[in-house]
Structure formats: C-alpha cells, structure tokens
Amino acid sequence: MKLATLRNGRPDGQLVVLSADLGRYVSAGRIAPTLQAALDDWEAAVPALAALAGQLDAGAIAGQPFDADLALAPLPRAYQWIDGAGYLSHLERVRSLKGSKDEELQSTRPLLYQGGSDSLSAPTDPIRVTDPDLAIDFEAEVAVIVGPVPMGASREQAAAAIRLVTICNDVSLRRLVVDDLQNGFGFFHAKPSTAFAPIVATPESLGAAWRDNRLHLPVRVEVNDVLYGQPNAGTDMHFDFADLIVEATRTRGLAAGTIIGGGTVSNRHDETLPIKRDGIGFACIAEARTVEKLKYGRARTPFLKPGDMVRIGAVSTSGQSVFGDMLQKVALA
C-alpha cells in the first residue's frame, strides 16, 4: 500500500491512497483525514486503507490522475524527526571535514541527531538559502515512519514499529557545520528543512526490496540532469533501522509519526566524478570532494549554487521511481 499527502490549503494536507502503478489516487478522508491521523489509529486504519487501495487497483473506483507536483511531504509537520548514521563509509569519508570529531566514529552504537520537524519540505519545494556561499549540499537518505515505540525497545519491537518507508533529502549547509559542532549543542543552522519524496509505502508493499530492516534499492541522484550517484541503500548499511530505533529509545519512547532517517546512503568504492552509467557515485557532495582530495590533492566538485537542480529517487528493478522523485531547485530566500 502506498500513500501520499496532497495540498488542500491546510498545514497537514489531505491523505490519499495510490494505485500500485502510482498513476491514480483516491481520497482517504473517510478513513483518516491526514497521515498523522492514520498513524494514530493504525490498527483500525490499515485494513480500511488497504481495502480502498484494492478497489482502486481493481477498477472499482476510478480515482484521479496523481500529480506529484501537488504533493506535500507525507508528514508536512511531524512530532519528531531523528536522523541517524547507518553508513560507516559515509562517516569515514567526511570525518576529515573541518569540524568533524574522529572519536564519534564508532561501530558499536549509531550516532543520532534531532532535526527540525515543524516544517518539512515538499518534494518540489526549492532549497532556500539566505547566502549562496554556504557550501550547499544534498544528502539522499532512506527514512521510516514508526508507530509508538516504548523506551528501551528491543530489536523485535523496533522492527515491528516500522509503519512506512520513503526517501528524503537532508539538506546540509557545510560551511555552518563547524560552528554548530563547536558550540557543543549539535546541528541547528547547518540543517535547514529536510525534503521528502511524495510517496510512502508499507514495508510489505515493497516485497523483496525491504528485508533485514533495510531498503535494497539504488537511490539515484542527478544534479542538473547529470548522474551523480546511485548507491544501493541495502549495501554497506552497518546499522539497520531496527538498530537506529533501539538507540533512539535508549532514553525515551517514540510517538506515532516519528520519522527516523538512515543517514546518507553510501557504498564503499574508489570512484570519482564523473561516474559511468553503471557507476556507484555519491549521495552527497561532501563525500565526492573528500575522495577527490585524497586522489588529486584537491576537491574539484563544487557545492550547489542558486539555479542548480537536484533530482533524487529510489529506483526499482523495472526502473520505476518507487516513492516518486524529489526535484528541487536551489534558490535565494
């Protein structure tokens, strides 16, 4: 089952159910007006939502054409957005960046930070910045939305709490990372609004692509229509989503609707940009620049600038964009 949130003039939008081919939708308003409402009453909402999806796929309901441009983030404002660091290869590549802390690179317990979730960006919203010289970077990630999780959850409880899966762009302003880390309070100004793909999917609807608490699909990134990377999200993920949820509940419970990010998708390789059609590449600019520094003595790939366009999507074996694409243009606020 796949869901989306469409614009309706209200902050939390309108929940809709999508057809399996993502071509049509039908309102879920009689079941739950918003995705958060569905998550709050998940056990009752899921059978009704699934039945509605079945009717749409069977042609019993005509539905309307789905236009991702009309979509908000699935949860336009969430109770909590927690980003983790599931890929050690990403940490290894960026640890040489000014402001990073080597002692934080550990393989026994994942790193987490609590991001701003009061205003999450739609998939076609621009990446707005106040200054073009902030080293603007994208970070393509997989994210899950959970139901309620108790404090001190087990891995089994954590895995069972995963309700929905999607992808996101955890935008980073690299030039502000140093100040944020050195002030001792963690990220704030360096992490503006995170953008989300238009579609969320239940783990069951992803079939073999969802296993071992990981999404086994390439996440494709293009910058100005040029392939930047397509690392597989299921490869080299040291901490899976159950690990991340367990760590998040070490000192607190999680409310239904909490979003957990898996960190920048990263595969181990020695490629540099530009990559070949079958290359792996990168899901953020910082990694590409670090590899270039090691290989050439200097970084050659620039950060984003106003006018640049970033496209991010998770691609199935048939070439379908499973969650729809994020297509964002960098713009001065």
# chains A, B, ... in the order shown; residues from 1 in each chain; ligands from 1

$ select_by_dssp --residues "segment 70-250 of chain A" --states "helix (DSSP H, G or I)" --output "PyMOL selection string"
chain A and resi 70+88-94+102-104+155-160+174-182+203-209+241-248

$ write_last_selection --atoms "N, CA and C atoms" --output "short mmCIF file (atom, residue, chain, number, x, y, z; two decimals), in the first residue's frame"
data_model
loop_
_atom_site.label_atom_id
_atom_site.label_comp_id
_atom_site.auth_asym_id
_atom_site.auth_seq_id
_atom_site.Cartn_x
_atom_site.Cartn_y
_atom_site.Cartn_z
N LEU A 70 1.59 18.25 -6.84
CA LEU A 70 0.57 18.70 -5.90
C LEU A 70 0.77 18.11 -4.50
N LEU A 88 28.72 3.60 7.77
CA LEU A 88 30.03 4.00 8.27
C LEU A 88 30.93 4.53 7.17
N SER A 89 30.72 4.08 5.92
CA SER A 89 31.54 4.58 4.83
C SER A 89 31.32 6.08 4.62
N HIS A 90 30.12 6.55 4.88
CA HIS A 90 29.86 7.99 4.80
C HIS A 90 30.64 8.73 5.88
N LEU A 91 30.59 8.21 7.12
CA LEU A 91 31.33 8.85 8.20
C LEU A 91 32.83 8.83 7.95
N GLU A 92 33.32 7.72 7.41
CA GLU A 92 34.75 7.61 7.15
C GLU A 92 35.21 8.63 6.11
N ARG A 93 34.34 8.89 5.13
CA ARG A 93 34.73 9.83 4.07
C ARG A 93 34.67 11.28 4.53
N VAL A 94 33.71 11.61 5.38
CA VAL A 94 33.55 13.02 5.75
C VAL A 94 34.24 13.37 7.06
N ASP A 102 36.66 12.72 15.23
CA ASP A 102 37.03 11.34 14.98
C ASP A 102 36.52 10.39 16.06
N GLU A 103 36.48 10.84 17.29
CA GLU A 103 36.08 9.95 18.36
C GLU A 103 34.60 9.55 18.26
N GLU A 104 33.84 10.26 17.45
CA GLU A 104 32.43 9.92 17.31
C GLU A 104 32.20 8.78 16.31
N ARG A 155 15.05 -5.05 19.60
CA ARG A 155 15.12 -5.01 18.13
C ARG A 155 13.82 -5.49 17.51
N GLU A 156 13.20 -6.49 18.12
CA GLU A 156 11.94 -7.02 17.59
C GLU A 156 10.84 -5.97 17.67
N GLN A 157 10.77 -5.27 18.80
CA GLN A 157 9.78 -4.20 18.95
C GLN A 157 10.05 -3.06 17.96
N ALA A 158 11.32 -2.75 17.79
CA ALA A 158 11.69 -1.66 16.89
C ALA A 158 11.30 -1.99 15.45
N ALA A 159 11.62 -3.19 15.01
CA ALA A 159 11.30 -3.59 13.63
C ALA A 159 9.80 -3.62 13.40
N ALA A 160 9.05 -4.11 14.39
CA ALA A 160 7.60 -4.21 14.26
C ALA A 160 6.93 -2.84 14.24
N ARG A 174 27.27 23.08 4.60
CA ARG A 174 28.54 22.59 5.15
C ARG A 174 29.36 23.70 5.82
N ARG A 175 29.24 24.91 5.33
CA ARG A 175 30.05 25.98 5.91
C ARG A 175 29.61 26.33 7.32
N LEU A 176 28.40 25.95 7.70
CA LEU A 176 27.90 26.23 9.04
C LEU A 176 28.08 25.05 9.99
N VAL A 177 28.55 23.92 9.47
CA VAL A 177 28.72 22.72 10.31
C VAL A 177 29.71 22.98 11.43
N VAL A 178 30.81 23.67 11.11
CA VAL A 178 31.86 23.90 12.11
C VAL A 178 31.30 24.62 13.34
N ASP A 179 30.59 25.72 13.10
CA ASP A 179 30.05 26.47 14.23
C ASP A 179 29.06 25.63 15.03
N ASP A 180 28.21 24.90 14.33
CA ASP A 180 27.21 24.09 15.04
C ASP A 180 27.85 23.03 15.91
N LEU A 181 28.89 22.37 15.38
CA LEU A 181 29.54 21.31 16.16
C LEU A 181 30.38 21.87 17.30
N GLN A 182 31.03 22.98 17.05
CA GLN A 182 31.92 23.53 18.07
C GLN A 182 31.17 24.22 19.20
N PRO A 203 6.13 -1.48 4.39
CA PRO A 203 7.22 -2.41 4.09
C PRO A 203 6.75 -3.61 3.27
N GLU A 204 5.56 -4.12 3.55
CA GLU A 204 5.05 -5.30 2.83
C GLU A 204 4.88 -5.02 1.35
N SER A 205 4.49 -3.80 1.00
CA SER A 205 4.25 -3.48 -0.41
C SER A 205 5.54 -3.39 -1.22
N LEU A 206 6.68 -3.32 -0.53
CA LEU A 206 7.96 -3.23 -1.22
C LEU A 206 8.53 -4.59 -1.59
N GLY A 207 7.90 -5.65 -1.12
CA GLY A 207 8.34 -7.00 -1.47
C GLY A 207 9.76 -7.28 -1.04
N ALA A 208 10.54 -7.90 -1.96
CA ALA A 208 11.92 -8.28 -1.65
C ALA A 208 12.83 -7.08 -1.48
N ALA A 209 12.39 -5.90 -1.89
CA ALA A 209 13.23 -4.70 -1.74
C ALA A 209 13.36 -4.29 -0.28
N PHE A 241 17.60 -0.15 10.38
CA PHE A 241 16.63 0.74 11.02
C PHE A 241 16.20 0.25 12.39
N ALA A 242 16.23 -1.05 12.64
CA ALA A 242 15.94 -1.54 13.98
C ALA A 242 17.01 -1.04 14.96
N ASP A 243 18.28 -1.06 14.54
CA ASP A 243 19.36 -0.55 15.39
C ASP A 243 19.15 0.93 15.71
N LEU A 244 18.77 1.70 14.70
CA LEU A 244 18.60 3.14 14.89
C LEU A 244 17.44 3.44 15.84
N ILE A 245 16.34 2.68 15.69
CA ILE A 245 15.18 2.89 16.55
C ILE A 245 15.51 2.49 17.99
N VAL A 246 16.20 1.37 18.16
CA VAL A 246 16.61 0.95 19.50
C VAL A 246 17.45 2.03 20.17
N GLU A 247 18.41 2.59 19.44
CA GLU A 247 19.25 3.64 20.01
C GLU A 247 18.43 4.87 20.36
N ALA A 248 17.45 5.21 19.52
CA ALA A 248 16.62 6.38 19.79
C ALA A 248 15.79 6.21 21.05
#

$ select_by_dssp --residues "segment 1-235 of chain A" --states "strand (DSSP E)" --output "PyMOL selection string"
chain A and resi 2-6+14-18+24-27+64-65+81-84+112-115+127-129+136-137+140-146+162-169+172-173+195-196+199-201+210-211+214-215+219-223+226-229

$ write_last_selection --atoms "C-alpha atoms" --output "JSON list (two decimals), in the first residue's frame"
[["chain", "number", "residue", "atom", "x", "y", "z"],
["A", 2, "LYS", "CA", 1.26, 3.44, -0.96],
["A", 3, "LEU", "CA", 0.06, 6.76, 0.41],
["A", 4, "ALA", "CA", 0.64, 10.46, -0.22],
["A", 5, "THR", "CA", -0.41, 13.82, 1.19],
["A", 6, "LEU", "CA", -1.86, 16.35, -1.24],
["A", 14, "GLN", "CA", -5.11, 15.56, 2.67],
["A", 15, "LEU", "CA", -4.27, 11.85, 2.90],
["A", 16, "VAL", "CA", -4.76, 9.88, -0.33],
["A", 17, "VAL", "CA", -4.31, 6.23, -1.33],
["A", 18, "LEU", "CA", -2.39, 5.49, -4.54],
["A", 24, "ARG", "CA", -4.09, 7.30, -9.74],
["A", 25, "TYR", "CA", -5.27, 8.24, -6.30],
["A", 26, "VAL", "CA", -8.41, 8.36, -4.20],
["A", 27, "SER", "CA", -9.09, 10.40, -1.08],
["A", 64, "GLN", "CA", -7.94, 10.70, -10.26],
["A", 65, "PRO", "CA", -4.56, 11.12, -12.00],
["A", 81, "TRP", "CA", 12.50, 13.88, 13.01],
["A", 82, "ILE", "CA", 15.59, 11.94, 14.08],
["A", 83, "ASP", "CA", 18.44, 11.37, 11.66],
["A", 84, "GLY", "CA", 20.90, 8.54, 12.19],
["A", 112, "LEU", "CA", 21.76, 10.36, 16.08],
["A", 113, "TYR", "CA", 20.73, 13.98, 15.89],
["A", 114, "GLN", "CA", 17.32, 15.56, 16.38],
["A", 115, "GLY", "CA", 16.31, 17.71, 13.43],
["A", 127, "ILE", "CA", 16.14, 24.52, -1.41],
["A", 128, "ARG", "CA", 16.06, 28.03, 0.02],
["A", 129, "VAL", "CA", 19.20, 29.69, 1.38],
["A", 136, "ILE", "CA", 25.07, 23.90, -0.03],
["A", 137, "ASP", "CA", 24.89, 20.11, -0.11],
["A", 140, "ALA", "CA", 19.97, 11.39, -0.14],
["A", 141, "GLU", "CA", 18.61, 9.09, 2.56],
["A", 142, "VAL", "CA", 16.07, 6.38, 3.28],
["A", 143, "ALA", "CA", 13.64, 7.15, 6.11],
["A", 144, "VAL", "CA", 11.00, 5.22, 8.03],
["A", 145, "ILE", "CA", 7.94, 6.41, 9.92],
["A", 146, "VAL", "CA", 7.14, 4.48, 13.07],
["A", 162, "ILE", "CA", 8.08, 0.46, 11.25],
["A", 163, "ARG", "CA", 4.90, 1.55, 9.51],
["A", 164, "LEU", "CA", 6.08, 3.27, 6.34],
["A", 165, "VAL", "CA", 9.20, 3.74, 4.22],
["A", 166, "THR", "CA", 10.27, 6.63, 1.97],
["A", 167, "ILE", "CA", 13.33, 8.69, 1.00],
["A", 168, "CYS", "CA", 14.40, 12.21, 1.89],
["A", 169, "ASN", "CA", 16.92, 14.95, 1.16],
["A", 172, "SER", "CA", 23.24, 20.47, 4.70],
["A", 173, "LEU", "CA", 24.97, 23.83, 4.74],
["A", 195, "ALA", "CA", 12.59, 17.43, 1.96],
["A", 196, "PHE", "CA", 10.69, 14.19, 1.48],
["A", 199, "ILE", "CA", 5.05, 8.76, -1.55],
["A", 200, "VAL", "CA", 5.34, 6.50, 1.48],
["A", 201, "ALA", "CA", 4.97, 2.72, 1.24],
["A", 210, "TRP", "CA", 12.54, -4.47, 2.00],
["A", 211, "ARG", "CA", 14.36, -7.08, 4.08],
["A", 214, "ARG", "CA", 16.85, -2.19, 5.07],
["A", 215, "LEU", "CA", 15.72, -0.91, 1.66],
["A", 219, "VAL", "CA", 18.97, 5.72, -4.65],
["A", 220, "ARG", "CA", 19.65, 7.70, -7.82],
["A", 221, "VAL", "CA", 20.87, 11.29, -7.66],
["A", 222, "GLU", "CA", 21.16, 13.71, -10.57],
["A", 223, "VAL", "CA", 22.48, 17.27, -10.46],
["A", 226, "VAL", "CA", 23.87, 14.64, -14.83],
["A", 227, "LEU", "CA", 24.14, 11.35, -12.93],
["A", 228, "TYR", "CA", 25.87, 11.96, -9.60],
["A", 229, "GLY", "CA", 25.35, 8.65, -7.85]]

$ residues_around --residues "Pro231 of chain A" --least-positions-apart "6" --cutoff "6 Å" --atoms "only C-alpha atoms" --output "ChimeraX atom specification"
/A:218-219,267,280

$ write_last_selection --atoms "N, CA and C atoms" --output "CSV table (one decimal), in the first residue's frame"
chain,number,residue,atom,x,y,z
A,218,PRO,N,18.7,1.0,-5.3
A,218,PRO,CA,19.6,2.1,-5.5
A,218,PRO,C,18.9,3.4,-5.4
A,219,VAL,N,19.5,4.4,-4.8
A,219,VAL,CA,19.0,5.7,-4.7
A,219,VAL,C,19.7,6.6,-5.7
A,267,ASN,N,28.1,3.7,-0.4
A,267,ASN,CA,28.7,2.4,-0.7
A,267,ASN,C,30.2,2.6,-0.8
A,280,ILE,N,28.7,3.8,-9.2
A,280,ILE,CA,28.0,3.9,-7.9
A,280,ILE,C,27.9,5.4,-7.5

$ residues_around --residues "Gly307 of chain A" --least-positions-apart "4" --cutoff "10 Å" --atoms "only C-alpha atoms" --output "JSON, numbers by chain"
{"A": [126, 127, 224, 328, 329, 330, 331, 332]}

$ write_last_selection --atoms "C-alpha atoms" --output "CSV table (one decimal), in the first residue's frame"
chain,number,residue,atom,x,y,z
A,126,PRO,CA,13.1,24.8,-3.6
A,127,ILE,CA,16.1,24.5,-1.4
A,224,ASN,CA,21.5,19.4,-13.4
A,328,GLN,CA,14.4,20.7,-6.0
A,329,LYS,CA,16.0,23.9,-7.3
A,330,VAL,CA,18.4,25.9,-5.2
A,331,ALA,CA,17.0,29.4,-4.7
A,332,LEU,CA,17.9,32.5,-2.6

$ atom_distance --atom1 "atom CA of Ser117 of chain A" --atom2 "atom CA of Ala255 of chain A"
13.4 Å

$ atom_distance --atom1 "atom CA of Gly313 of chain A" --atom2 "atom CA of Gly186 of chain A"
28.5 Å

$ atom_distance --atom1 "atom CA of Gly86 of chain A" --atom2 "atom CA of Pro110 of chain A"
6.7 Å

$ closest_residue --among "A:Ala51, A:Pro148, A:Met326, A:Gly281" --to "Ser121 of chain A" --atoms "only C-alpha atoms"
A:Met326

$ closest_residue --among "A:Ala135, A:Gly152, A:Phe323, A:Cys284" --to "Ala190 of chain A" --atoms "only C-alpha atoms"
A:Ala135

$ decode --residues "segment 20-36 of chain A" --atoms "N, CA and C atoms" --output "mmCIF file, in the first residue's frame"
data_model
loop_
_atom_site.group_PDB
_atom_site.id
_atom_site.type_symbol
_atom_site.label_atom_id
_atom_site.label_comp_id
_atom_site.auth_asym_id
_atom_site.auth_seq_id
_atom_site.Cartn_x
_atom_site.Cartn_y
_atom_site.Cartn_z
ATOM 1 N N ALA A 20 -1.286 0.864 -7.381
ATOM 2 C CA ALA A 20 0.014 0.183 -7.352
ATOM 3 C C ALA A 20 0.987 0.767 -8.372
ATOM 4 N N ASP A 21 0.456 1.246 -9.506
ATOM 5 C CA ASP A 21 1.329 1.819 -10.540
ATOM 6 C C ASP A 21 1.589 3.300 -10.312
ATOM 7 N N LEU A 22 1.072 3.849 -9.232
ATOM 8 C CA LEU A 22 1.261 5.247 -8.821
ATOM 9 C C LEU A 22 0.600 6.239 -9.771
ATOM 10 N N GLY A 23 -0.242 5.748 -10.655
ATOM 11 C CA GLY A 23 -0.851 6.623 -11.643
ATOM 12 C C GLY A 23 -2.111 7.316 -11.167
ATOM 13 N N ARG A 24 -2.818 6.743 -10.181
ATOM 14 C CA ARG A 24 -4.095 7.298 -9.743
ATOM 15 C C ARG A 24 -4.166 7.344 -8.215
ATOM 16 N N TYR A 25 -5.090 8.145 -7.743
ATOM 17 C CA TYR A 25 -5.274 8.240 -6.296
ATOM 18 C C TYR A 25 -6.742 8.412 -5.976
ATOM 19 N N VAL A 26 -7.072 8.123 -4.720
ATOM 20 C CA VAL A 26 -8.415 8.361 -4.202
ATOM 21 C C VAL A 26 -8.276 8.904 -2.791
ATOM 22 N N SER A 27 -9.146 9.807 -2.411
ATOM 23 C CA SER A 27 -9.088 10.397 -1.077
ATOM 24 C C SER A 27 -9.343 9.341 -0.013
ATOM 25 N N ALA A 28 -8.585 9.453 1.085
ATOM 26 C CA ALA A 28 -8.782 8.572 2.236
ATOM 27 C C ALA A 28 -9.510 9.290 3.357
ATOM 28 N N GLY A 29 -10.137 10.407 3.037
ATOM 29 C CA GLY A 29 -10.734 11.265 4.053
ATOM 30 C C GLY A 29 -11.754 10.595 4.948
ATOM 31 N N ARG A 30 -12.491 9.630 4.416
ATOM 32 C CA ARG A 30 -13.493 8.954 5.252
ATOM 33 C C ARG A 30 -12.859 8.017 6.274
ATOM 34 N N ILE A 31 -11.598 7.656 6.042
ATOM 35 C CA ILE A 31 -10.880 6.767 6.962
ATOM 36 C C ILE A 31 -10.002 7.581 7.908
ATOM 37 N N ALA A 32 -9.205 8.466 7.314
ATOM 38 C CA ALA A 32 -8.326 9.343 8.094
ATOM 39 C C ALA A 32 -8.048 10.580 7.259
ATOM 40 N N PRO A 33 -8.263 11.761 7.794
ATOM 41 C CA PRO A 33 -8.062 12.968 7.000
ATOM 42 C C PRO A 33 -6.605 13.271 6.690
ATOM 43 N N THR A 34 -5.703 12.841 7.578
ATOM 44 C CA THR A 34 -4.272 13.100 7.401
ATOM 45 C C THR A 34 -3.485 11.824 7.693
ATOM 46 N N LEU A 35 -2.228 11.825 7.270
ATOM 47 C CA LEU A 35 -1.380 10.668 7.553
ATOM 48 C C LEU A 35 -1.159 10.513 9.049
ATOM 49 N N GLN A 36 -1.009 11.619 9.777
ATOM 50 C CA GLN A 36 -0.822 11.505 11.224
ATOM 51 C C GLN A 36 -2.041 10.875 11.876
#
